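As stored in structure10.cif (mmCIF, C-alpha atoms and all ligand atoms):
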data_target
loop_
_atom_site.label_atom_id
_atom_site.label_comp_id
_atom_site.auth_asym_id
_atom_site.auth_seq_id
_atom_site.Cartn_x
_atom_site.Cartn_y
_atom_site.Cartn_z
CA MET A 65 -5.10 -15.84 12.49
CA LYS A 66 -3.72 -16.26 9.02
CA MET A 67 -5.32 -18.50 6.43
CA PHE A 68 -3.49 -20.53 3.84
CA GLU A 69 -3.78 -19.26 0.29
CA PHE A 70 -6.04 -22.14 -0.73
CA MET A 71 -8.49 -21.33 2.08
CA ALA A 72 -8.61 -17.64 1.26
CA LYS A 73 -9.13 -18.49 -2.40
CA ASP A 74 -11.89 -20.98 -1.57
CA ILE A 75 -13.68 -18.22 0.28
CA PHE A 76 -13.06 -15.69 -2.49
CA GLY A 77 -14.32 -18.20 -5.06
CA GLN A 78 -17.46 -19.00 -3.08
CA ASN A 79 -18.18 -15.29 -3.03
CA GLY A 80 -17.95 -14.79 -6.75
CA ILE A 81 -14.35 -13.64 -7.18
CA PRO A 82 -12.76 -15.48 -10.15
CA VAL A 83 -10.01 -17.86 -8.98
CA PRO A 84 -7.93 -20.38 -10.96
CA GLN A 85 -9.15 -23.94 -11.11
CA GLY A 86 -7.28 -26.43 -8.93
CA ARG A 87 -6.95 -27.85 -5.44
CA VAL A 88 -4.60 -28.80 -2.66
CA ALA A 89 -2.39 -31.90 -2.84
CA TYR A 90 -0.65 -33.58 0.08
CA SER A 91 1.69 -35.78 -1.93
CA ALA A 92 3.58 -35.66 -5.21
CA ASP A 93 1.30 -38.33 -6.71
CA GLU A 94 -1.74 -36.34 -5.75
CA ALA A 95 -0.20 -33.23 -7.32
CA ALA A 96 0.29 -35.17 -10.56
CA GLN A 97 -3.33 -36.31 -10.36
CA VAL A 98 -4.60 -32.73 -9.97
CA ALA A 99 -2.41 -31.63 -12.90
CA ARG A 100 -3.94 -34.44 -14.96
CA GLU A 101 -7.44 -33.28 -14.06
CA ILE A 102 -6.57 -29.71 -15.02
CA GLY A 103 -5.09 -30.98 -18.27
CA GLY A 104 -2.60 -28.24 -19.09
CA PRO A 105 0.28 -26.22 -17.66
CA VAL A 106 0.00 -25.77 -13.89
CA VAL A 107 1.51 -23.79 -11.04
CA ILE A 108 2.55 -25.70 -7.91
CA LYS A 109 2.38 -23.43 -4.91
CA SER A 110 3.74 -24.14 -1.42
CA GLN A 111 1.09 -23.57 1.21
CA VAL A 112 2.89 -21.88 4.07
CA LEU A 113 1.82 -18.95 6.20
CA THR A 114 4.27 -16.44 4.80
CA GLY A 115 4.39 -14.18 1.79
CA GLY A 116 7.18 -13.84 -0.75
CA ARG A 117 6.99 -17.50 -1.69
CA GLY A 118 7.77 -16.67 -5.30
CA LYS A 119 11.12 -15.13 -4.43
CA ALA A 120 11.91 -17.90 -1.95
CA GLY A 121 11.49 -20.60 -4.61
CA GLY A 122 8.16 -21.82 -3.26
CA ILE A 123 6.25 -21.40 -6.55
CA LYS A 124 7.00 -23.77 -9.41
CA PHE A 125 5.62 -24.26 -12.89
CA ALA A 126 4.96 -27.50 -14.74
CA ASP A 127 3.77 -28.35 -18.24
CA THR A 128 2.97 -32.01 -17.63
CA PRO A 129 1.67 -34.13 -14.73
CA GLU A 130 5.13 -35.74 -14.55
CA GLU A 131 6.77 -32.33 -14.12
CA ALA A 132 4.13 -31.38 -11.56
CA LYS A 133 4.97 -34.52 -9.62
CA GLN A 134 8.67 -33.70 -9.59
CA ALA A 135 8.06 -30.10 -8.55
CA ALA A 136 5.72 -31.16 -5.74
CA GLU A 137 8.23 -33.79 -4.62
CA VAL A 138 10.90 -31.11 -4.17
CA LEU A 139 8.58 -28.62 -2.47
CA LEU A 140 7.09 -31.15 -0.05
CA GLN A 141 10.59 -31.89 1.23
CA SER A 142 11.64 -28.30 1.72
CA GLU A 143 11.00 -25.35 3.97
CA ILE A 144 10.28 -21.69 3.39
CA ARG A 145 11.54 -19.32 6.04
CA GLY A 146 11.68 -22.19 8.49
CA LEU A 147 8.12 -23.33 7.72
CA LYS A 148 7.69 -26.90 6.57
CA ILE A 149 5.63 -27.32 3.41
CA GLU A 150 2.90 -29.82 4.27
CA GLN A 151 0.74 -29.27 1.20
CA VAL A 152 0.87 -27.67 -2.20
CA LEU A 153 -1.82 -25.96 -4.22
CA VAL A 154 -1.93 -27.12 -7.81
CA VAL A 155 -3.73 -24.68 -10.11
CA GLU A 156 -4.07 -23.98 -13.80
CA LYS A 157 -1.37 -21.64 -15.03
CA ILE A 158 -2.83 -18.29 -15.98
CA LYS A 159 -1.38 -16.20 -18.79
CA ILE A 160 -0.37 -12.95 -17.13
CA GLU A 161 -0.64 -9.67 -18.98
CA LYS A 162 -0.62 -7.44 -15.97
CA GLU A 163 -0.50 -7.87 -12.20
CA ILE A 164 -2.71 -5.71 -10.00
CA TYR A 165 -2.75 -5.37 -6.24
CA VAL A 166 -5.97 -5.07 -4.23
CA ALA A 167 -6.42 -5.36 -0.48
CA ILE A 168 -8.66 -4.33 2.35
CA ALA A 169 -6.85 -3.97 5.65
CA LEU A 170 -8.04 -2.89 9.04
CA ASP A 171 -6.09 0.26 9.87
CA GLY A 172 -5.80 0.17 13.63
CA ALA A 173 -4.58 3.74 13.96
CA ALA A 174 -7.34 5.18 11.79
CA ARG A 175 -9.85 2.66 13.18
CA LYS A 176 -11.18 2.14 9.70
CA PRO A 177 -10.90 -0.42 6.93
CA LEU A 178 -8.49 0.79 4.27
CA VAL A 179 -8.54 -0.21 0.63
CA ILE A 180 -5.11 -0.33 -0.95
CA ALA A 181 -4.99 -0.80 -4.71
CA SER A 182 -2.30 -0.49 -7.32
CA THR A 183 -1.64 -1.32 -10.93
CA HIS A 184 1.89 -2.20 -9.77
CA GLY A 185 1.00 -5.60 -8.34
CA GLY A 186 2.99 -8.81 -8.11
CA MET A 187 5.72 -7.56 -5.84
CA ASP A 188 5.72 -6.84 -2.12
CA ILE A 189 3.38 -3.95 -1.54
CA GLU A 190 5.95 -2.38 0.80
CA GLU A 191 8.24 -1.99 -2.21
CA VAL A 192 5.71 -0.17 -4.38
CA PRO A 193 6.36 3.58 -4.34
CA GLU A 194 3.68 5.55 -2.51
CA GLU A 195 2.67 7.46 -5.65
CA HIS A 196 1.60 4.22 -7.31
CA LEU A 197 -0.73 3.29 -4.47
CA VAL A 198 -4.38 4.21 -4.19
CA LYS A 199 -5.56 4.38 -0.59
CA TYR A 200 -9.19 4.78 0.28
CA TYR A 201 -10.59 4.68 3.81
CA LEU A 202 -13.97 3.03 4.17
CA ASP A 203 -16.86 3.96 6.35
CA ILE A 204 -17.53 0.66 8.13
CA ASN A 205 -21.30 1.21 7.85
CA ILE A 206 -21.17 1.85 4.13
CA GLY A 207 -18.33 -0.35 2.96
CA ILE A 208 -17.63 -0.53 -0.74
CA MET A 209 -20.65 0.84 -2.57
CA PRO A 210 -20.50 1.04 -6.39
CA TYR A 211 -19.48 4.70 -6.28
CA VAL A 212 -16.59 3.83 -3.96
CA SER A 213 -15.27 1.07 -6.19
CA ARG A 214 -15.63 3.35 -9.24
CA GLU A 215 -13.65 6.04 -7.48
CA ILE A 216 -10.90 3.53 -6.62
CA THR A 217 -10.49 2.28 -10.21
CA ARG A 218 -10.61 5.88 -11.45
CA GLN A 219 -7.72 6.75 -9.13
CA MET A 220 -5.88 3.63 -10.28
CA GLY A 221 -6.19 4.89 -13.82
CA VAL A 222 -7.99 1.79 -15.09
CA ARG A 223 -10.85 2.11 -17.56
CA GLY A 224 -13.44 0.11 -19.47
CA GLU A 225 -14.42 -3.50 -19.01
CA ILE A 226 -11.41 -4.36 -16.81
CA ALA A 227 -12.27 -1.47 -14.46
CA LYS A 228 -15.79 -2.87 -14.09
CA GLN A 229 -14.43 -6.29 -13.21
CA ILE A 230 -12.06 -4.83 -10.62
CA GLN A 231 -14.98 -2.89 -9.13
CA GLY A 232 -16.89 -6.17 -8.83
CA VAL A 233 -13.93 -7.85 -7.11
CA LEU A 234 -13.57 -4.96 -4.65
CA GLN A 235 -17.23 -5.10 -3.70
CA LYS A 236 -17.06 -8.87 -3.20
CA MET A 237 -13.87 -8.54 -1.17
CA TRP A 238 -15.70 -6.17 1.12
CA GLN A 239 -18.52 -8.71 1.61
CA VAL A 240 -15.92 -11.33 2.53
CA PHE A 241 -13.99 -8.93 4.75
CA LYS A 242 -17.12 -8.09 6.72
CA ALA A 243 -18.58 -11.60 6.89
CA TYR A 244 -15.34 -13.17 8.13
CA ASP A 245 -14.28 -10.44 10.57
CA ALA A 246 -11.14 -10.08 8.54
CA GLU A 247 -8.17 -7.95 9.47
CA LEU A 248 -6.75 -8.37 6.00
CA ALA A 249 -8.07 -9.61 2.66
CA GLU A 250 -5.49 -9.34 -0.10
CA ILE A 251 -5.16 -10.40 -3.72
CA ASN A 252 -1.65 -9.99 -5.11
CA PRO A 253 -1.54 -10.47 -7.98
CA LEU A 254 -5.00 -9.94 -9.35
CA VAL A 255 -4.11 -10.90 -12.87
CA ILE A 256 -5.35 -9.37 -16.09
CA SER A 257 -5.45 -12.17 -18.61
CA GLY A 258 -7.00 -11.29 -21.93
CA ASP A 259 -10.30 -9.60 -21.24
CA LYS A 260 -10.69 -11.25 -17.83
CA ILE A 261 -9.28 -10.77 -14.37
CA ILE A 262 -8.52 -13.59 -11.97
CA ALA A 263 -7.11 -13.83 -8.44
CA ALA A 264 -3.78 -15.66 -8.80
CA ASP A 265 -3.00 -15.33 -5.10
CA GLY A 266 -5.09 -14.86 -1.97
CA LYS A 267 -4.35 -13.96 1.58
CA MET A 268 -6.59 -13.50 4.53
CA THR A 269 -6.14 -12.82 8.23
CA VAL A 270 -9.16 -13.01 10.48
CA ASP A 271 -9.78 -11.80 14.00
CA ASP A 272 -8.78 -14.44 16.57
CA GLU A 273 -11.80 -13.63 18.67
CA ALA A 274 -14.32 -14.34 15.90
CA ASP A 275 -14.22 -18.17 16.21
CA PHE A 276 -17.63 -18.23 17.79
CA ARG A 277 -19.15 -17.34 14.44
CA TRP A 278 -18.07 -20.70 13.03
CA PRO A 279 -20.16 -23.39 14.69
CA GLN A 280 -18.68 -26.12 12.46
CA GLY A 281 -15.25 -25.24 13.70
CA THR A 282 -12.95 -22.57 12.45
CA PRO A 283 -12.49 -22.61 8.68
CA TYR A 284 -9.01 -21.25 9.13
CA VAL A 285 -5.67 -22.24 10.46
CA GLU A 286 -4.66 -22.47 14.07
CA GLU A 287 -1.58 -20.38 14.50
CA ARG A 288 -1.53 -20.67 18.25
CA THR A 289 1.23 -22.15 20.33
CA GLU A 290 0.43 -25.07 22.64
CA VAL A 291 0.11 -22.77 25.65
CA GLU A 292 -2.07 -20.36 23.70
CA LYS A 293 -4.36 -23.21 22.67
CA LYS A 294 -4.66 -24.45 26.23
CA ALA A 295 -5.46 -20.97 27.52
CA HIS A 296 -7.96 -20.39 24.75
CA GLU A 297 -9.80 -23.60 25.61
CA LEU A 298 -10.27 -22.22 29.10
CA GLY A 299 -11.68 -19.00 27.70
CA ILE A 300 -8.56 -16.99 28.52
CA SER A 301 -7.15 -14.55 25.98
CA TYR A 302 -3.47 -15.36 25.91
CA VAL A 303 -0.67 -14.38 23.58
CA GLU A 304 2.98 -15.33 24.03
CA LEU A 305 5.50 -12.51 23.97
CA ASP A 306 9.31 -12.36 24.19
CA GLY A 307 9.94 -10.99 27.69
CA ASP A 308 10.38 -12.66 31.08
CA ILE A 309 7.58 -11.31 33.28
CA GLY A 310 4.47 -13.47 33.38
CA VAL A 311 1.47 -11.16 33.38
CA MET A 312 -2.09 -11.72 34.47
CA ALA A 313 -4.77 -9.06 34.55
CA ASN A 314 -8.53 -9.03 34.49
CA GLY A 315 -9.71 -7.34 31.31
CA ALA A 316 -8.16 -6.61 27.93
CA GLY A 317 -7.72 -2.91 28.61
CA ILE A 318 -5.99 -3.29 31.95
CA THR A 319 -3.81 -6.06 30.51
CA MET A 320 -2.60 -3.84 27.67
CA ALA A 321 -2.03 -0.98 30.08
CA THR A 322 0.00 -3.34 32.30
CA LEU A 323 2.21 -4.31 29.37
CA ASP A 324 2.79 -0.64 28.60
CA ILE A 325 3.72 0.12 32.20
CA ILE A 326 6.13 -2.82 32.31
CA GLN A 327 7.83 -1.43 29.25
CA HIS A 328 7.86 2.03 30.82
CA PHE A 329 9.86 0.62 33.73
CA GLY A 330 12.31 -1.09 31.40
CA GLY A 331 10.91 -4.60 31.70
CA ALA A 332 9.42 -6.99 29.17
CA ALA A 333 6.28 -9.07 29.48
CA LYS A 334 6.41 -12.76 28.65
CA ASN A 335 2.77 -12.79 27.66
CA PHE A 336 -0.54 -11.05 27.37
CA MET A 337 -3.10 -12.76 29.60
CA ASP A 338 -6.56 -11.43 30.07
CA ALA A 339 -7.92 -13.80 32.70
CA GLY A 340 -11.33 -12.17 32.30
CA GLY A 341 -13.34 -9.84 34.45
CA GLY A 342 -15.50 -11.66 36.97
CA SER A 343 -13.66 -14.98 36.67
CA SER A 344 -14.23 -17.59 39.35
CA MET A 345 -11.56 -18.62 41.80
CA GLU A 346 -11.09 -21.90 39.86
CA ALA A 347 -10.68 -20.10 36.54
CA THR A 348 -8.14 -17.72 38.02
CA ALA A 349 -6.23 -20.66 39.52
CA LYS A 350 -6.11 -22.36 36.11
CA ALA A 351 -4.88 -19.15 34.52
CA LEU A 352 -2.14 -18.91 37.13
CA GLU A 353 -1.12 -22.52 36.52
CA ILE A 354 -0.74 -21.78 32.84
CA LEU A 355 1.39 -18.77 33.66
CA ILE A 356 3.63 -20.85 35.94
CA SER A 357 4.03 -23.50 33.23
CA THR A 358 5.67 -20.94 30.96
CA LYS A 359 8.51 -20.49 33.51
CA PRO A 360 8.61 -16.70 33.79
CA LYS A 361 11.25 -15.01 35.95
CA ALA A 362 8.53 -13.23 37.91
CA ILE A 363 4.76 -13.12 37.91
CA LEU A 364 2.85 -9.87 37.99
CA ALA A 365 -0.89 -9.80 38.55
CA ASN A 366 -2.71 -6.54 38.09
CA ILE A 367 -6.21 -6.89 39.47
CA PHE A 368 -8.75 -4.16 39.57
CA GLY A 369 -11.67 -5.82 41.28
CA GLY A 370 -15.02 -4.68 40.00
CA ILE A 371 -17.04 -7.77 39.27
CA THR A 372 -13.88 -9.71 40.01
CA ARG A 373 -13.54 -10.21 43.75
CA CYS A 374 -10.12 -9.63 45.26
CA ASP A 375 -10.62 -12.43 47.77
CA ASP A 376 -11.33 -14.88 44.93
CA VAL A 377 -8.10 -13.89 43.23
CA ALA A 378 -6.16 -14.20 46.49
CA MET A 379 -7.74 -17.60 47.15
CA ALA A 380 -6.67 -18.74 43.69
CA PHE A 381 -3.05 -17.85 44.48
CA ALA A 382 -3.33 -19.62 47.84
CA LYS A 383 -4.78 -22.71 46.23
CA VAL A 384 -2.13 -22.93 43.52
CA LYS A 385 0.65 -22.28 46.01
CA GLU A 386 -0.62 -25.17 48.13
CA SER A 387 -1.18 -27.60 45.24
CA ILE A 388 1.68 -27.14 42.78
CA GLY A 389 3.64 -24.32 44.40
CA ILE A 390 4.64 -21.03 42.83
CA PRO A 391 8.38 -21.32 42.06
CA VAL A 392 8.95 -17.68 41.06
CA PRO A 393 8.54 -14.32 42.81
CA VAL A 394 5.00 -12.97 42.67
CA VAL A 395 3.92 -9.34 42.72
CA ILE A 396 0.25 -8.51 42.99
CA ARG A 397 -1.49 -5.23 42.67
CA LEU A 398 -4.90 -5.77 44.20
CA VAL A 399 -7.60 -3.15 44.58
CA GLY A 400 -11.39 -3.11 44.52
CA THR A 401 -14.13 -5.40 45.68
CA ASN A 402 -13.25 -7.31 48.90
CA GLN A 403 -9.77 -5.83 48.80
CA ASP A 404 -9.08 -6.10 52.53
CA GLU A 405 -9.99 -9.76 52.62
CA GLY A 406 -7.86 -10.42 49.54
CA VAL A 407 -4.85 -8.64 51.00
CA ARG A 408 -5.23 -10.61 54.22
CA ILE A 409 -5.34 -13.96 52.40
CA LEU A 410 -2.24 -13.06 50.39
CA LYS A 411 -0.41 -12.02 53.54
CA GLU A 412 -1.09 -15.44 55.00
CA ILE A 413 0.74 -17.07 52.09
CA GLY A 414 3.59 -14.58 52.28
CA ILE A 415 2.67 -12.28 49.41
CA ASP A 416 2.47 -8.53 49.96
CA ALA A 417 -0.18 -6.88 47.85
CA TYR A 418 0.33 -3.46 46.32
CA SER A 419 -2.38 -0.93 45.74
CA ARG A 420 -0.35 1.29 43.40
CA VAL A 421 0.22 -0.17 39.97
CA ASP A 422 3.47 1.73 39.34
CA GLU A 423 5.05 0.40 42.52
CA ALA A 424 3.94 -3.14 41.76
CA VAL A 425 5.27 -3.05 38.21
CA ALA A 426 8.59 -1.48 39.23
CA LYS A 427 8.99 -4.27 41.80
CA ALA A 428 8.19 -7.00 39.28
CA VAL A 429 10.68 -5.56 36.79
CA GLU A 430 13.35 -5.46 39.51
CA LEU A 431 12.67 -9.06 40.58
CA ALA A 432 12.79 -10.33 37.02
CA ARG A 433 16.12 -8.58 36.52
CA GLN A 434 17.58 -10.13 39.67
CA ALA A 435 16.41 -13.61 38.76
P1 LIG B 1 3.81 -14.97 -3.19
O1 LIG B 1 5.16 -14.74 -3.78
O2 LIG B 1 3.89 -15.72 -1.90
O3 LIG B 1 3.02 -13.71 -3.06
O4 LIG B 1 3.03 -15.95 -4.21
P2 LIG B 1 2.12 -15.63 -5.49
O5 LIG B 1 1.00 -16.55 -5.49
O6 LIG B 1 1.78 -14.18 -5.56
O7 LIG B 1 3.07 -16.00 -6.69
C1 LIG B 1 4.26 -15.29 -6.97
C2 LIG B 1 4.35 -14.96 -8.43
O8 LIG B 1 4.28 -16.16 -9.19
C3 LIG B 1 3.23 -14.11 -8.97
O9 LIG B 1 3.42 -12.74 -8.75
C4 LIG B 1 3.25 -14.45 -10.42
O10 LIG B 1 4.22 -13.68 -11.09
C5 LIG B 1 3.68 -15.89 -10.42
N1 LIG B 1 2.47 -16.72 -10.60
C6 LIG B 1 1.63 -17.18 -9.67
N2 LIG B 1 0.60 -17.83 -10.24
C7 LIG B 1 0.79 -17.75 -11.58
C8 LIG B 1 0.07 -18.20 -12.73
O11 LIG B 1 -0.99 -18.80 -12.67
N3 LIG B 1 0.63 -17.94 -13.97
C9 LIG B 1 1.80 -17.26 -14.10
N4 LIG B 1 2.25 -17.05 -15.33
N5 LIG B 1 2.48 -16.82 -13.06
C10 LIG B 1 2.01 -17.06 -11.81
MN MN B 2 1.35 -12.90 -3.90
#
I'd like the structure from this file rewritten - as structure tokens, please.
Amino acid sequence: MKMFEFMAKDIFGQNGIPVPQGRVAYSADEAAQVAREIGGPVVIKSQVLTGGRGKAGGIKFADTPEEAKQAAEVLLQSEIRGLKIEQVLVVEKIKIEKEIYVAIALDGAARKPLVIASTHGGMDIEEVPEEHLVKYYLDINIGIMPYVSREITRQMGVRGEIAKQIQGVLQKMWQVFKAYDAELAEINPLVISGDKIIAADGKMTVDDEADFRWPQGTPYVEERTEVEKKAHELGISYVELDGDIGVMANGAGITMATLDIIQHFGGAAKNFMDAGGGSSMEATAKALEILISTKPKAILANIFGGITRCDDVAMAFAKVKESIGIPVPVVIRLVGTNQDEGVRILKEIGIDAYSRVDEAVAKAVELARQA
């Protein structure tokens, strides 16, 4: 899940990273009020979950509260890349001498956190030539120790007092990254202003599955669709995708494998749904109801019964078929615990179970195509 800039900056600030003074405003009058409190030139920044706001006209400058009000008025009525601007961040305007880029990102392929740093900040990092980027893989157990942050600023070619401050920011970013189960923590630009550095922007993405660490409720933004929210409330991992085959499997690994196999056979999944290993009949029935509500062209269940019992899964299908009906073709691959009983129950409601996953997937792809 992505956080708004103001949330990421709140967290950075609480953890000792210098951030500009200011706060969020929900109306033009409030923006003027914040500008008055700051008492000098301000920046009015659209809070939307996309980057490149500067280029898209989502960042405005104002010298007086009256100007801040006008700027906020315009922004609060506009959109950036189709996203409505519901609030603006009003912050003191920092004098920029140089813009630096610093980020820690989880590199899925390397399975390690990666520090990316550059003295060519401000613009999209994708546009910075590779030779101007410092990349440093972290050992997750060590993180950013002082020698690591010194090595990074050395490679960046920064020296002296500013280098020390950047080292401090990097170490604090690592603390935040770890504490919040972040997938990305980014400051672009980290501004050099006089003899100080300050985070003029902030971005953070945190792991969707880390909510349980926040007993007071998630401190970040819900980016889920309505169906995703509903599924999540039932403890089901669910992500909407672009295809037409509704997928249900019991475990994250088997679900991902199922999506790969669908693609292999030329089909496209409509979702990722890990209904959980060892789910009860009721939970599986609820998961199936959610799947049906998304109106897929076909439903494919890939069940490898270990703790999950095949007869429970079959009963769930029977129950849903009887209560709300299943209006699309269903293909089930069912093997494992109580398989025979499960297959028998499915047969009674007119569904043939497959034991081979490739055959089941090929069938589901064919049915979706015909639909
Ligand atoms: P993004 O375009 O969505 O990444 O939004 P940023 O917060 O990075 O702002 C875009 C650009 O606006 C920055 O790269 C800066 O050049 C400029 N900017 C943002 N905040 C300030 C500020 O406090 N002072 C000045 N002078 N420029 C700013
Ligand atoms: Mn930025």
Close residues, A:His184 itself excluded, 8 Å, all atoms listed in the file, min 5 positions apart in chain, as a short mmCIF file (atom, residue, chain, number, x, y, z; two decimals) with C-alpha atoms, in the coordinates of the input:
data_model
loop_
_atom_site.label_atom_id
_atom_site.label_comp_id
_atom_site.auth_asym_id
_atom_site.auth_seq_id
_atom_site.Cartn_x
_atom_site.Cartn_y
_atom_site.Cartn_z
CA GLU A 163 -0.50 -7.87 -12.20
CA ILE A 164 -2.71 -5.71 -10.00
CA TYR A 165 -2.75 -5.37 -6.24
CA VAL A 192 5.71 -0.17 -4.38
CA HIS A 196 1.60 4.22 -7.31
#
### Query
Residues at most 6 Å from ligand MN 2 (chain B), using only C-alpha atoms and all ligand atoms? Could they come as a VMD selection string?
chain A and resid 252 to 253 265
Neighbours of ligand LIG 1 (chain B) within 8 Å, counting all atoms listed in the file, as a CSV table (one decimal) with C-alpha atoms, in the coordinates of the input?
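Result file out-v3.csv:
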chain,number,residue,atom,x,y,z
A,69,GLU,CA,-3.8,-19.3,0.3
A,84,PRO,CA,-7.9,-20.4,-11.0
A,106,VAL,CA,0.0,-25.8,-13.9
A,107,VAL,CA,1.5,-23.8,-11.0
A,109,LYS,CA,2.4,-23.4,-4.9
A,114,THR,CA,4.3,-16.4,4.8
A,115,GLY,CA,4.4,-14.2,1.8
A,116,GLY,CA,7.2,-13.8,-0.8
A,117,ARG,CA,7.0,-17.5,-1.7
A,118,GLY,CA,7.8,-16.7,-5.3
A,119,LYS,CA,11.1,-15.1,-4.4
A,120,ALA,CA,11.9,-17.9,-2.0
A,122,GLY,CA,8.2,-21.8,-3.3
A,123,ILE,CA,6.2,-21.4,-6.6
A,155,VAL,CA,-3.7,-24.7,-10.1
A,156,GLU,CA,-4.1,-24.0,-13.8
A,157,LYS,CA,-1.4,-21.6,-15.0
A,158,ILE,CA,-2.8,-18.3,-16.0
A,159,LYS,CA,-1.4,-16.2,-18.8
A,160,ILE,CA,-0.4,-13.0,-17.1
A,163,GLU,CA,-0.5,-7.9,-12.2
A,185,GLY,CA,1.0,-5.6,-8.3
A,186,GLY,CA,3.0,-8.8,-8.1
A,187,MET,CA,5.7,-7.6,-5.8
A,188,ASP,CA,5.7,-6.8,-2.1
A,252,ASN,CA,-1.6,-10.0,-5.1
A,253,PRO,CA,-1.5,-10.5,-8.0
A,264,ALA,CA,-3.8,-15.7,-8.8
A,265,ASP,CA,-3.0,-15.3,-5.1
A,266,GLY,CA,-5.1,-14.9,-2.0
### Message
List as a VMD selection string the protein and nucleic acid residues near A:Ile108, meaning an atom at most 12 Å away when all atoms listed in the file are counted, but skip any in the same chain fewer than 2 places from it.
### Response
chain A and resid 70 86 to 92 94 to 96 98 to 99 105 to 106 110 to 111 117 to 118 121 to 129 131 to 140 149 151 to 157 264
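In terms of minimum interatomic distance to A:Gly77, A:Val240 ranks closest within A:Val240, A:Leu170, A:Leu113, A:Cys374, counting only C-alpha atoms.
The two atoms in question, atom CA of A:Val233 and atom CA of A:Glu195, are spaced 22.6 Å apart.
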